[in-house]
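The structure under discussion appears below in the form of structure tokens.
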Amino acid sequence: MGTTRSEIVAATLAVLDEHGLDGVTMRAVAARLGVQHNTVRWHASSKGRLLELASDELLAHCLDEPLPEAFPDRLKELSRRCRAALLSRRDAARMVAGVFAAEPRTLRYADTVIATLLAAGHPPRTAAWTHWSIFYLTLGLTQEQQAAQETAPALLPDQVPADTYPALATALPYVGPDNFDQRFEFALDLIIAGLPPAEGVSSSVARRRR
């Protein structure tokens, strides 16, 4: 029986965990599976395509468990699940940020987020752009967190003397590469608080959620 696409995607994620994004190659995935390079290429014509499929797989379980019905709890829970999925794999946020995975699981996740906003009475543009704002927040902060796990960068007090950078010196305890959970929740709350007033519940979306 031949190697399946799902096996190739699983092997890609295993290579990602072991070697990081820079170590993911068609040949590395083939070696992981013990197959020829052309076997991988049959399912994914390029490394970019391989990364698209792996990125889509990351979001496979974001919708498995029941979601809260109330807004904004539902939107927050979706966002937390997305972040958790990215944190579950080494360099996953950097991988996802580098591709455009218009694949079923990614599209289903986006559809669910946008539907949540539409059902809360927000117009299509607000719903779509809020989804992207939260998604980019999640990608950016997760990339920082995963990079910090590798290099642990820090802004030291002697780099920001108070006489030169008074504001940074005052806020220094909150500038360093930590408190990722709190920073995520803070930014997520800011985005939601900044939403324009809802215009009314979309009846078509409301019916879909029943």
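By convention here, the chains of the structure tokens are called A, B, ... in the order presented, each chain's residues are numbered starting at 1, and ligands are numbered starting at 1 in the order presented.
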
Using only C-alpha atoms, tabulate the residues of stretch 117-195 of chain A lying at most 12 Å from any atom of stretch 58-70 of chain A, each with its closest atom pair and that distance in Å to one decimal, by chain and increasing residue number, as a Markdown table.
| residue | atom | partner | partner_atom | distance |
| --- | --- | --- | --- | --- |
| A:Leu117 | CA | A:Ala70 | CA | 10.9 |
| A:Ala119 | CA | A:Ala70 | CA | 10.1 |
| A:Ala120 | CA | A:Ala70 | CA | 8.8 |

May I have the residues from that selection written out with C-alpha atoms, as a JSON list (two decimals), in the first residue's frame?
[["chain", "number", "residue", "atom", "x", "y", "z"],
["A", 117, "LEU", "CA", -18.79, 37.98, 14.47],
["A", 119, "ALA", "CA", -23.96, 36.44, 14.35],
["A", 120, "ALA", "CA", -23.06, 39.06, 16.96]]

(request) DSSP on the backbone, then: every residue of chain A marked helix (DSSP H, G or I), written as a PyMOL selection string. (result) chain A and resi 5-19+21-23+26-33+37-43+47-58+73-87+92-97+104-119+124-151+157-159+166-174+180-193+203-209

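Minimum atom-to-atom distance to A:Asp91, evaluated using only C-alpha atoms, belongs to A:Ser55 out of A:Asn38, A:Ser55, A:Thr130, A:Thr112.
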
(request) Would you list the contacts of A:Ala102 as a ChimeraX atom specification, taking every protein, DNA or RNA residue within 10 Å and counting only C-alpha atoms, but skipping same-chain residues closer than 5 positions in sequence? (result) /A:52-53,55-56,107-108

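In this model, the gap between atom CA of A:Arg105 and atom CA of A:Ser6 comes to 13.4 Å.
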
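Nearest residue to A:Thr116, choosing from A:Ala198, A:Ala44, A:Leu75, A:Ala93 and counting only C-alpha atoms: A:Leu75.
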
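Among the candidates A:Met95, A:His43, A:Pro123, A:Tyr109, the one nearest to A:Gly23 when counting only C-alpha atoms is A:Met95.
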